[in-house]
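To keep things clear, I will list the structure first and then write my remarks on it.
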Amino acid sequence: MEFLLGVLFPYTACVVFVSGTILRIAGWLKTPVPFHLTLFPAPNGAMDRIATIASDFFLCRTLFREDKALWLRVWLFHLSLALIIAGHAAGIFFLRNQFVLIGLNPDASQSLSKLLGGIAGIVMVLSLGALLAGRISNPIVRKLSVPEDFCTLLLLIAIAVTGILMYLPGFHADLHAVRSYMGGLIRFRPTMLPHSPMFIVHFLLVNVLLMYFPFSRLFHSAGYFVNRAMLTEAPPVYPTVSGMTRRSPFAAGKAQTNIPPRREPADRGVR
Amino acid sequence: MKSPLHLAKKEDLRSLGVEEVDESSQKTRTLELMDEFRRFGRSLSVMLETCTRCGACAKACHSYLGTDDFHNIPAARAGLFQTIYNRYFTLSGRAFRRFSGAREFGAETLNSWVNYFYQCTTCRRCAVFCPFGIDTGEVVLAGRNILTRLGIAPHFMVNIGRNELHTGNNTGILKPAIIDSCSFLEEELRDETGLDIKIPVDKPHTDVLYVPSSSELFTNVETLMGAAKIFHYLGTDWTLSSTLLEAANYGLHFDLEVMKKHNHRMHIAAAAVGAKQVLQGECGHGWRVARMYSEGANSPVPFRLNHILPYVADRLPDMKLEKLPMRATLHDPCNYARGAGLVDQPRELMKACVEEFVEMTPNRERNFCCGGGSGLLMDEMLEIRMKLGKMKADQIKSLLPLDYVALPCASCKAQVPLLLKHYGMEEVATGGVIELIGKALVFNRQK
């Protein structure tokens with residue numbers, strides 16, 4: 001049982017996550033874009049294109065412009081998520097001593113790490129709660145929603161809450177044990193799960209999330225870039241530059257247009 | 001709600017090479033076509049699989065705001081397609097139907113598509129509002145194409161498509177009638193200006209092929225006359241072509257094969273007169289097809305491709321204009337503003353030729369559609385179209401008193417006068433931008 005949950009399950013989750021993500025993105029990218037779908041005003045040149053997408057991505061600028069209330073919930077959630085992912089990587093690797101690198105003493109680094117992690121976790125739970133409340137209270141959005149949308153939010157909330165609970169004295173998880181367990185997994189020398197129920201629940205839920213990710217709407221994170229790339233493509237230039245490759249098989253077929261005007265009554269005066 | 005659309009008869013569709021699919025094989029055929037279209041273009045699958053149903057598109061859509069019908073919310077409209085797509089083409093939809101909002105193809109499916117895909121004008125405003133930039137118009141157009149291939153298409157569009165294929169214009173005008181109309185307009189121009197202004201047809205060895213909307217030969221003659229005056233003034237060596245008298249391309253609205261064929265006429269017509277440059281007239285979706293679709297449909301394009309508005313705006317310093325005494329506003333056609341990036345030049349032109357130019361709010365890429373786009377100009381859609389144009393009417397109303405609404409698009413020119421009448425603003429005149437420039441031009445008498 002411990003082998004199943006502590007070793008097999010996480011590796012399966014990782015394989016599903018990585019292969020599912022790659023396969024879905026590859027499926028999109030191998031499909032041609034037969035026509036320019038540039039949405040104007042469009043960026044000018046490659047650097048401008050990257051800058052436009054990056055600033056929209058990091059600040060959710062489109063949403064900020066169109067719906068400030070939704071933006072606040074969405075942006076806070078994604079920001080806290082980014083901080084938490086970074087915090088997990090750094091915090092587990094350095095055992096919360098990461099801020100020693102910027103000149104704090106180990107004690108201060110420990111406290112700061114806990115404080116920032118705690119704040120980010122609470123912001124995440126609150127913003128997820130607000131997103132859930134918004135989905136339920138707005139009649140239009142509720143009608144648009146499907147069970148998956150609520151389940152995704154509930155799963156994320158469960159992960160965040162179990163993560164925060166690990167801070168509390170009663171559920172306290174031994175970070176050293178977690179670190180050596182995670183290190184074992186990453187180096188393909190798996191050990192047994194640490195004996196902390198809250199950590200085990202948190203960790204298993206994250207694995208569920210990883211497997212759920214490529215097949216759910218969470219995949220909007222990848223769709224965003226593929227879609228924005230289509231919308232910011234530089235418009236075509238005419239006459240066509242020689243040596244241009246065809247955009248899709250659709251362009252290869254020769255159009256048979258040279259039909260002489262036929263003198264049938266149906267050809268005239270229809271409008 | 002039942003769509004009032006008049007659907008095309010079997011024989012009419014057959015002339016476009018479409019065989020009707022009988023009811024027993026409709027489901028199989030629809031799924032085959034959905035599979036074909038998801039492999040055809042990336043936009044369909046990416047956009048269907050990325051929407052998180054956040055609802056930000058609801059207040060973007062003139063169709064939803066005007067009709068207050070839930071299924072006209074862009075996400076809900078695309079959802080009519082997406083639920084079926086989910087059920088048959090995604091892992092989560094196949095495995096967990098209820099959970100991921102997947103739905104079986106049923107008796108109502110195609111009906112709902114006909115209903116709602118023809119209440120969207122593919123104006124792309126939802127793509128501006130969507131945090132991911134999802135253009136639900138892409139889903140609508142794929143849906144319309146699939147319906148056409150199943151033998152379900154509006155009579156109005158099929159007829160126009162057939163005219164475009166056979167004669168190169170929407171109305172089916174043949175060469176003798178084109179020449180006749182042009183000489184009539186030349187006479188009008190002579191009466192008006194006292195000058196010998198030509199409207200050449202099929203003139204060989206010309207630099208510029210002007211592709212107007214065919215409506216410029218009868219309802220929107222002022223636009224063609226304006227263009228003729230400007231070309232005369234600038235000394236442009238130009239001609240019309242009797243094989244391509246139509247900037248519009250209705251194929252975009254319901255059948256990509258028709259789009260490709262009509263678009264290809266540009267190559268034939270330009271080669272026939274030896275034109276190095278093709279100038280598109282005032283037609284919104286026509287300009288989007290020409291600018292954005294020509295490369296994907298009929299590459300390589302051997303000529304320069306331009307639009308009359310930037311062409312004239314570039315030459316503004318060479319023209320002497322007397323500002324017209326009017327308070328005028330500009331409606332940004334969706335396909336210019338969001339579809340092809342043509343927003344500055346019409347403004348330059350308007351400011352140069354009217355005394356008081358006022359902006360609509362919102363404008364440019366945030367402008368509302370007039371409700372007549374994407375081929376919805378059929379009579380039976382009038383009632384719905386007036387609802388689709390409600391936001392536009394409100395925009396215009398807030399600018400009253402107003403003398404003129406400039407509409408540099410033939411569909412808008414057909415829709416907005418009806419809107420003004422419906423919403424009690426008959427006194428406001430409408431027309432193109434080019435016709436205003438034509439009226440403001442001050443000719444040198446010795447010419």
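Within each chain, counting starts at residue 1; across the structure tokens, chains are named A, B, ... in the order shown, with ligands numbered 1 upward in that order.
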Determine, counting only C-alpha atoms, which protein, DNA and RNA residues have an atom within 8 Å of an atom of Phe40 of chain B; residues of the same chain fewer than 5 positions away are not included. Present the result as a ChimeraX atom specification. /A:31-34
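Checking B:Glu138, B:Glu295, B:Asp68, B:Asp35 one by one against His253 of chain B, counting only C-alpha atoms, you find the shortest gap at B:Glu138.
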With only C-alpha atoms as the counted atoms, please give the residues lying no more than 6 Å from Pro239 of chain A, apart from itself and same-chain residues fewer than 3 positions off, as a CSV table (one decimal) with C-alpha atoms, in the first residue's frame.
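Output (out25.csv):
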chain,number,residue,atom,x,y,z
B,301,VAL,CA,-0.5,36.5,-54.8
B,302,PRO,CA,1.4,38.2,-57.6
B,303,PHE,CA,0.0,41.8,-57.2
B,304,ARG,CA,0.0,44.6,-54.6
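Every protein or nucleic acid residue with an atom no more than 10 Å from Asp149 of chain A, counting only C-alpha atoms and leaving out same-chain residues fewer than 6 positions away, appears here: Leu132, Arg135, Arg142, Ser216, Arg217 and Leu218 of chain A; Thr52, Arg53, Cys54, Phe99, Ser100 and Gly101 of chain B.
Of the listed residues (B:Cys57, B:Cys182, B:Leu441, B:Leu418), B:Leu441 comes nearest to His232 of chain B; the distances count only C-alpha atoms.
Remark: for chain A, the closest of the candidate residues B:Glu359, B:Glu49, B:Glu11, B:Asp318 is B:Glu49 (distances computed over only C-alpha atoms).
Note that atom CA of Leu330 of chain B and atom CA of His422 of chain B are 19.7 Å apart.
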Near Asp174 of chain A, within 10 Å and counting only C-alpha atoms, which residues show up once chain neighbours fewer than 6 positions away are dropped, as a list in words? Met166, Pro194, His195, Ser196 and Phe199 of chain A
Atoms to include: C-alpha atoms. Write the selected residues as a PDB file, in the first residue's frame.
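This is the output file again-v2.pdb:
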ATOM      1  CA  MET A 166       0.471  21.538   7.644  1.00  0.00           C
ATOM      2  CA  PRO A 194       6.812  10.575   5.656  1.00  0.00           C
ATOM      3  CA  HIS A 195       4.456   9.813   8.540  1.00  0.00           C
ATOM      4  CA  SER A 196       2.379  12.955   8.402  1.00  0.00           C
ATOM      5  CA  PHE A 199       1.247  15.849   4.122  1.00  0.00           C
TER       6      PHE A 199
END
re atom CA of His176 of chain A and atom CA of Gly91 of chain A: distance 10.9 Å
Within 12 Å of Arg347 of chain B using only C-alpha atoms, minus same-chain residues under 6 positions, as a list in words: Leu309, Pro310, Val312, Ala313, Ala328, Thr329, Leu330, His331, Asp332, Ala337, Cys353, Val354, Glu356, Phe357, Val358, Glu359, Met360, Asn363, Arg364, Ala406, Leu407, Pro408, Val433, Ile434 and Ile437 of chain B
Got a sec to tell me which of segment 26-213 of chain A DSSP assigns to helix (DSSP H, G or I), as a PyMOL selection string? chain A and resi 26-30+46-59+61-66+68-94+98-102+106-137+139-144+147-165+169-171+175-186+197-213
Within 12 Å of Thr21 of chain A, counting only C-alpha atoms, which residues show up once you throw out same-chain ones fewer than 6 positions away? Write them as a list in words, please. Ala13, Cys14, Val15, Gly27, Trp28, Leu210, Met211, Tyr212, Phe213, Pro214, Phe215, Ser216, Leu218, Phe219, His220, Ser221, Ala222 and Gly223 of chain A
Two-atom distance - atom CA of His205 of chain B, atom CA of Ser241 of chain B (Å): 12.2 Å
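Among the candidates B:Cys412, B:Leu376, B:Ala440, B:Ala228, the one nearest to Glu355 of chain B when counting only C-alpha atoms is B:Ala440.
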